[in-house]
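Shown below: query-v3.txt, with compact mmCIF, N, CA and C atoms.
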```txt
# COMPACT_ATOMS: atom_id res chain seq x y z
N MET A 7 117.48 87.57 87.42
CA MET A 7 118.56 88.34 86.82
C MET A 7 118.00 89.66 86.30
N LEU A 8 118.71 90.73 86.62
CA LEU A 8 118.30 92.06 86.17
C LEU A 8 118.71 92.33 84.73
N ARG A 9 117.96 93.18 84.07
CA ARG A 9 118.37 93.67 82.76
C ARG A 9 119.70 94.41 82.93
N PRO A 10 120.52 94.44 81.90
CA PRO A 10 121.82 95.11 82.01
C PRO A 10 121.74 96.58 82.44
N ASP A 11 120.73 97.32 81.94
CA ASP A 11 120.61 98.72 82.33
C ASP A 11 120.26 98.87 83.80
N LEU A 12 119.46 97.95 84.33
CA LEU A 12 119.11 98.00 85.75
C LEU A 12 120.29 97.59 86.62
N GLU A 13 121.14 96.70 86.12
CA GLU A 13 122.38 96.34 86.84
C GLU A 13 123.25 97.57 87.04
N ILE A 14 123.34 98.40 85.99
CA ILE A 14 124.14 99.62 86.09
C ILE A 14 123.56 100.55 87.15
N VAL A 15 122.25 100.75 87.11
CA VAL A 15 121.60 101.61 88.11
C VAL A 15 121.82 101.04 89.51
N ALA A 16 121.62 99.74 89.68
CA ALA A 16 121.79 99.12 91.00
C ALA A 16 123.21 99.30 91.52
N SER A 17 124.18 99.27 90.65
CA SER A 17 125.57 99.40 91.09
C SER A 17 125.87 100.81 91.61
N LEU A 18 125.04 101.77 91.27
CA LEU A 18 125.24 103.15 91.72
C LEU A 18 124.58 103.45 93.06
N VAL A 19 123.73 102.54 93.53
CA VAL A 19 123.00 102.74 94.78
C VAL A 19 123.80 102.13 95.93
N PRO A 20 124.13 102.94 96.94
CA PRO A 20 124.91 102.41 98.06
C PRO A 20 124.15 101.33 98.84
N HIS A 21 124.87 100.38 99.38
CA HIS A 21 124.26 99.37 100.24
C HIS A 21 123.56 100.07 101.40
N GLY A 22 122.37 99.60 101.72
CA GLY A 22 121.61 100.14 102.85
C GLY A 22 120.93 101.47 102.59
N ALA A 23 120.90 101.93 101.36
CA ALA A 23 120.28 103.21 101.03
C ALA A 23 118.76 103.14 101.16
N HIS A 24 118.15 104.30 101.28
CA HIS A 24 116.69 104.42 101.24
C HIS A 24 116.34 104.87 99.83
N VAL A 25 115.41 104.14 99.19
CA VAL A 25 115.13 104.34 97.77
C VAL A 25 113.64 104.59 97.56
N LEU A 26 113.34 105.60 96.75
CA LEU A 26 111.99 105.83 96.26
C LEU A 26 112.07 105.68 94.75
N ASP A 27 111.50 104.60 94.23
CA ASP A 27 111.58 104.27 92.80
C ASP A 27 110.30 104.74 92.13
N LEU A 28 110.37 105.91 91.49
CA LEU A 28 109.21 106.48 90.81
C LEU A 28 109.10 105.89 89.42
N GLY A 29 107.94 105.33 89.12
CA GLY A 29 107.77 104.63 87.84
C GLY A 29 108.52 103.32 87.87
N CYS A 30 108.28 102.54 88.91
CA CYS A 30 109.07 101.34 89.19
C CYS A 30 108.76 100.14 88.30
N GLY A 31 107.75 100.27 87.42
CA GLY A 31 107.45 99.16 86.51
C GLY A 31 107.05 97.91 87.27
N ASP A 32 107.71 96.80 86.96
CA ASP A 32 107.37 95.53 87.60
C ASP A 32 108.08 95.32 88.93
N GLY A 33 108.89 96.28 89.35
CA GLY A 33 109.56 96.20 90.65
C GLY A 33 110.85 95.42 90.67
N ALA A 34 111.36 95.01 89.52
CA ALA A 34 112.57 94.17 89.49
C ALA A 34 113.77 94.88 90.13
N LEU A 35 113.96 96.15 89.80
CA LEU A 35 115.11 96.87 90.36
C LEU A 35 114.96 97.00 91.87
N LEU A 36 113.80 97.41 92.33
CA LEU A 36 113.60 97.60 93.76
C LEU A 36 113.71 96.28 94.52
N GLU A 37 113.21 95.21 93.94
CA GLU A 37 113.34 93.89 94.55
C GLU A 37 114.82 93.54 94.73
N HIS A 38 115.62 93.81 93.73
CA HIS A 38 117.05 93.54 93.80
C HIS A 38 117.72 94.42 94.86
N LEU A 39 117.38 95.70 94.87
CA LEU A 39 118.00 96.61 95.83
C LEU A 39 117.67 96.21 97.27
N ILE A 40 116.45 95.79 97.50
CA ILE A 40 116.04 95.37 98.84
C ILE A 40 116.70 94.05 99.22
N GLY A 41 116.65 93.08 98.32
CA GLY A 41 117.15 91.75 98.63
C GLY A 41 118.66 91.60 98.60
N ALA A 42 119.31 92.17 97.61
CA ALA A 42 120.74 91.94 97.42
C ALA A 42 121.62 93.06 97.97
N ARG A 43 121.05 94.26 98.12
CA ARG A 43 121.87 95.39 98.54
C ARG A 43 121.43 95.96 99.88
N GLY A 44 120.45 95.31 100.52
CA GLY A 44 120.04 95.71 101.86
C GLY A 44 119.40 97.09 101.94
N CYS A 45 118.79 97.51 100.86
CA CYS A 45 118.15 98.82 100.82
C CYS A 45 116.74 98.73 101.41
N ALA A 46 116.24 99.88 101.81
CA ALA A 46 114.83 100.02 102.20
C ALA A 46 114.20 100.89 101.14
N GLY A 47 112.97 100.56 100.74
CA GLY A 47 112.40 101.40 99.72
C GLY A 47 110.95 101.14 99.40
N TYR A 48 110.43 102.04 98.58
CA TYR A 48 109.07 101.96 98.07
C TYR A 48 109.11 102.25 96.58
N GLY A 49 108.14 101.70 95.88
CA GLY A 49 107.95 102.02 94.49
C GLY A 49 106.65 102.74 94.29
N VAL A 50 106.56 103.50 93.22
CA VAL A 50 105.31 104.15 92.81
C VAL A 50 105.11 103.80 91.34
N GLU A 51 103.93 103.27 91.03
CA GLU A 51 103.65 102.83 89.67
C GLU A 51 102.19 103.15 89.33
N ILE A 52 101.96 103.69 88.15
CA ILE A 52 100.61 104.03 87.70
C ILE A 52 99.93 102.85 87.00
N ASP A 53 100.70 102.04 86.29
CA ASP A 53 100.16 100.94 85.50
C ASP A 53 99.70 99.80 86.40
N GLY A 54 98.48 99.32 86.14
CA GLY A 54 97.93 98.24 86.95
C GLY A 54 98.74 96.96 86.90
N GLU A 55 99.21 96.58 85.70
CA GLU A 55 100.01 95.35 85.59
C GLU A 55 101.32 95.47 86.36
N GLY A 56 101.98 96.61 86.22
CA GLY A 56 103.22 96.83 86.95
C GLY A 56 103.00 96.83 88.45
N PHE A 57 101.93 97.49 88.89
CA PHE A 57 101.59 97.53 90.31
C PHE A 57 101.40 96.13 90.86
N HIS A 58 100.63 95.31 90.15
CA HIS A 58 100.37 93.94 90.62
C HIS A 58 101.62 93.07 90.55
N ALA A 59 102.49 93.33 89.58
CA ALA A 59 103.76 92.60 89.52
C ALA A 59 104.62 92.91 90.73
N CYS A 60 104.62 94.17 91.16
CA CYS A 60 105.35 94.55 92.38
C CYS A 60 104.80 93.81 93.59
N ILE A 61 103.48 93.80 93.71
CA ILE A 61 102.84 93.09 94.82
C ILE A 61 103.26 91.63 94.82
N ALA A 62 103.24 91.01 93.64
CA ALA A 62 103.62 89.59 93.54
C ALA A 62 105.07 89.36 93.95
N ARG A 63 105.93 90.34 93.72
CA ARG A 63 107.34 90.23 94.10
C ARG A 63 107.57 90.53 95.58
N GLY A 64 106.55 91.06 96.24
CA GLY A 64 106.70 91.45 97.63
C GLY A 64 107.34 92.82 97.80
N VAL A 65 107.31 93.63 96.74
CA VAL A 65 107.90 94.96 96.77
C VAL A 65 106.86 95.96 97.29
N PRO A 66 107.22 96.77 98.29
CA PRO A 66 106.29 97.80 98.77
C PRO A 66 106.03 98.82 97.66
N VAL A 67 104.77 99.02 97.31
CA VAL A 67 104.45 99.88 96.18
C VAL A 67 103.15 100.64 96.43
N LEU A 68 103.10 101.85 95.92
CA LEU A 68 101.89 102.65 95.91
C LEU A 68 101.47 102.81 94.46
N ARG A 69 100.17 102.80 94.22
CA ARG A 69 99.69 103.04 92.86
C ARG A 69 99.31 104.51 92.77
N GLY A 70 99.93 105.21 91.85
CA GLY A 70 99.63 106.61 91.71
C GLY A 70 100.27 107.21 90.47
N ASP A 71 99.84 108.43 90.17
CA ASP A 71 100.33 109.18 89.02
C ASP A 71 101.28 110.25 89.54
N ILE A 72 102.57 110.08 89.33
CA ILE A 72 103.54 111.02 89.86
C ILE A 72 103.40 112.40 89.22
N ASP A 73 102.85 112.47 88.01
CA ASP A 73 102.63 113.76 87.37
C ASP A 73 101.52 114.56 88.07
N ALA A 74 100.61 113.88 88.72
CA ALA A 74 99.52 114.54 89.43
C ALA A 74 99.85 114.79 90.90
N GLY A 75 101.00 114.32 91.34
CA GLY A 75 101.40 114.47 92.74
C GLY A 75 101.06 113.23 93.53
N LEU A 76 101.59 113.18 94.72
CA LEU A 76 101.38 112.03 95.59
C LEU A 76 100.82 112.51 96.93
N PRO A 77 99.52 112.82 96.96
CA PRO A 77 98.94 113.41 98.19
C PRO A 77 98.97 112.48 99.39
N ASP A 78 99.02 111.16 99.18
CA ASP A 78 99.01 110.21 100.31
C ASP A 78 100.40 109.89 100.81
N TRP A 79 101.43 110.42 100.15
CA TRP A 79 102.81 110.11 100.55
C TRP A 79 103.19 111.02 101.71
N GLY A 80 103.80 110.43 102.71
CA GLY A 80 104.26 111.30 103.79
C GLY A 80 104.59 110.59 104.96
```

Here is a file; write its structure as structure tokens.
Amino acid sequence: MLRPDLEIVASLVPHGAHVLDLGCGDGALLEHLIGARGCAGYGVEIDGEGFHACIARGVPVLRGDIDAGLPDWG
């Protein structure tokens, strides 16, 4: 179950959308968007715990600092 604030965000994303979740935390929102709304997407997370939580959820994620840029994205 998503947090109420993430439910609101998820409701604004069209089914089948392509999503780049910057600062995705533990990946809960992206997991929901991929599984329940048929979205395709990636997450970017700087925090090691959040990054590993995404991996455990099966969410595609890159570890990086969005403030420093994403040189490997493309």

* All strand (DSSP E or B) residues (DSSP, backbone) inside chain A, as a ChimeraX atom specification -> /A:24-28,46-51,67-69

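Residue nearest Asp32 (chain A), chosen from A:Leu8, A:Ala16, A:Val65, A:Cys45 and counting only N, CA and C atoms: A:Val65.
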
Got a sec: who's within 6.5 Å of region 33-42 of chain A, counting all atoms listed in the file, leaving out chain neighbours fewer than 6 positions off, as a JSON list (two decimals) with N, CA and C atoms, in the coordinates of the input?
```
[["chain", "number", "residue", "atom", "x", "y", "z"],
["A", 12, "LEU", "N", 119.46, 97.95, 84.33],
["A", 12, "LEU", "CA", 119.11, 98.00, 85.75],
["A", 12, "LEU", "C", 120.29, 97.59, 86.62],
["A", 56, "GLY", "N", 101.98, 96.61, 86.22],
["A", 56, "GLY", "CA", 103.22, 96.83, 86.95],
["A", 56, "GLY", "C", 103.00, 96.83, 88.45],
["A", 59, "ALA", "N", 102.49, 93.33, 89.58],
["A", 59, "ALA", "CA", 103.76, 92.60, 89.52],
["A", 59, "ALA", "C", 104.62, 92.91, 90.73],
["A", 60, "CYS", "N", 104.62, 94.17, 91.16],
["A", 60, "CYS", "CA", 105.35, 94.55, 92.38],
["A", 60, "CYS", "C", 104.80, 93.81, 93.59],
["A", 65, "VAL", "N", 107.31, 93.63, 96.74],
["A", 65, "VAL", "CA", 107.90, 94.96, 96.77],
["A", 65, "VAL", "C", 106.86, 95.96, 97.29]]
```

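Distances here use all atoms listed in the file; by that measure, the residue among A:Ala74, A:Val50, A:Val67, A:Ile14 closest to Asp27 (chain A) is A:Val50.
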
* Residues of chain A in helix (DSSP H, G or I) according to DSSP, as number ranges by chain? -> A: 10-18, 34-43, 54-63, 72-74

* To do: Tell me, in Å to one decimal, how far CA of Tyr48 (chain A) is from CA of Ser17 (chain A).
  => 18.1 Å

* Name the residues, using the chain letters and numbers of the file, that sit within 5 Å of (99.8, 102.6, 90.1) when counting all atoms listed in the file, and give them as an NGL selection string. => :A and (51-53 or 68-70)

If you keep N, CA and C atoms, can you produce a file of those selected residues as a CSV table (one decimal), in the coordinates of the input?
```csv
chain,number,residue,atom,x,y,z
A,51,GLU,N,103.9,103.3,91.0
A,51,GLU,CA,103.6,102.8,89.7
A,51,GLU,C,102.2,103.2,89.3
A,52,ILE,N,102.0,103.7,88.2
A,52,ILE,CA,100.6,104.0,87.7
A,52,ILE,C,99.9,102.8,87.0
A,53,ASP,N,100.7,102.0,86.3
A,53,ASP,CA,100.2,100.9,85.5
A,53,ASP,C,99.7,99.8,86.4
A,68,LEU,N,103.1,101.8,95.9
A,68,LEU,CA,101.9,102.6,95.9
A,68,LEU,C,101.5,102.8,94.5
A,69,ARG,N,100.2,102.8,94.2
A,69,ARG,CA,99.7,103.0,92.9
A,69,ARG,C,99.3,104.5,92.8
A,70,GLY,N,99.9,105.2,91.8
A,70,GLY,CA,99.6,106.6,91.7
A,70,GLY,C,100.3,107.2,90.5
```

* With a distance cut-off of 7 Å and only N, CA and C atoms, select the neighbouring residues of Gly22 (chain A), excluding the residue or stretch itself and same-chain residues fewer than 6 positions from it, and output the selection as a list in words. => Arg43, Gly44, Cys45 and Ala46 of chain A

* In Å, how far is it from CA of Cys30 (chain A) to atom N of Ile72 (chain A)? -> 10.9 Å

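CA of Gly54 (chain A) lies 28.2 Å from CA of Leu18 (chain A).
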
Report, as JSON, the centre and edge lengths in Å (one decimal) of the axis-aligned box enclosing every listed atom of region 11-17 of chain A, padded by 8 Å on each side.
```
{"center_x": 122.5, "center_y": 99.0, "center_z": 86.8, "size_x": 22.8, "size_y": 21.3, "size_z": 25.7}
```
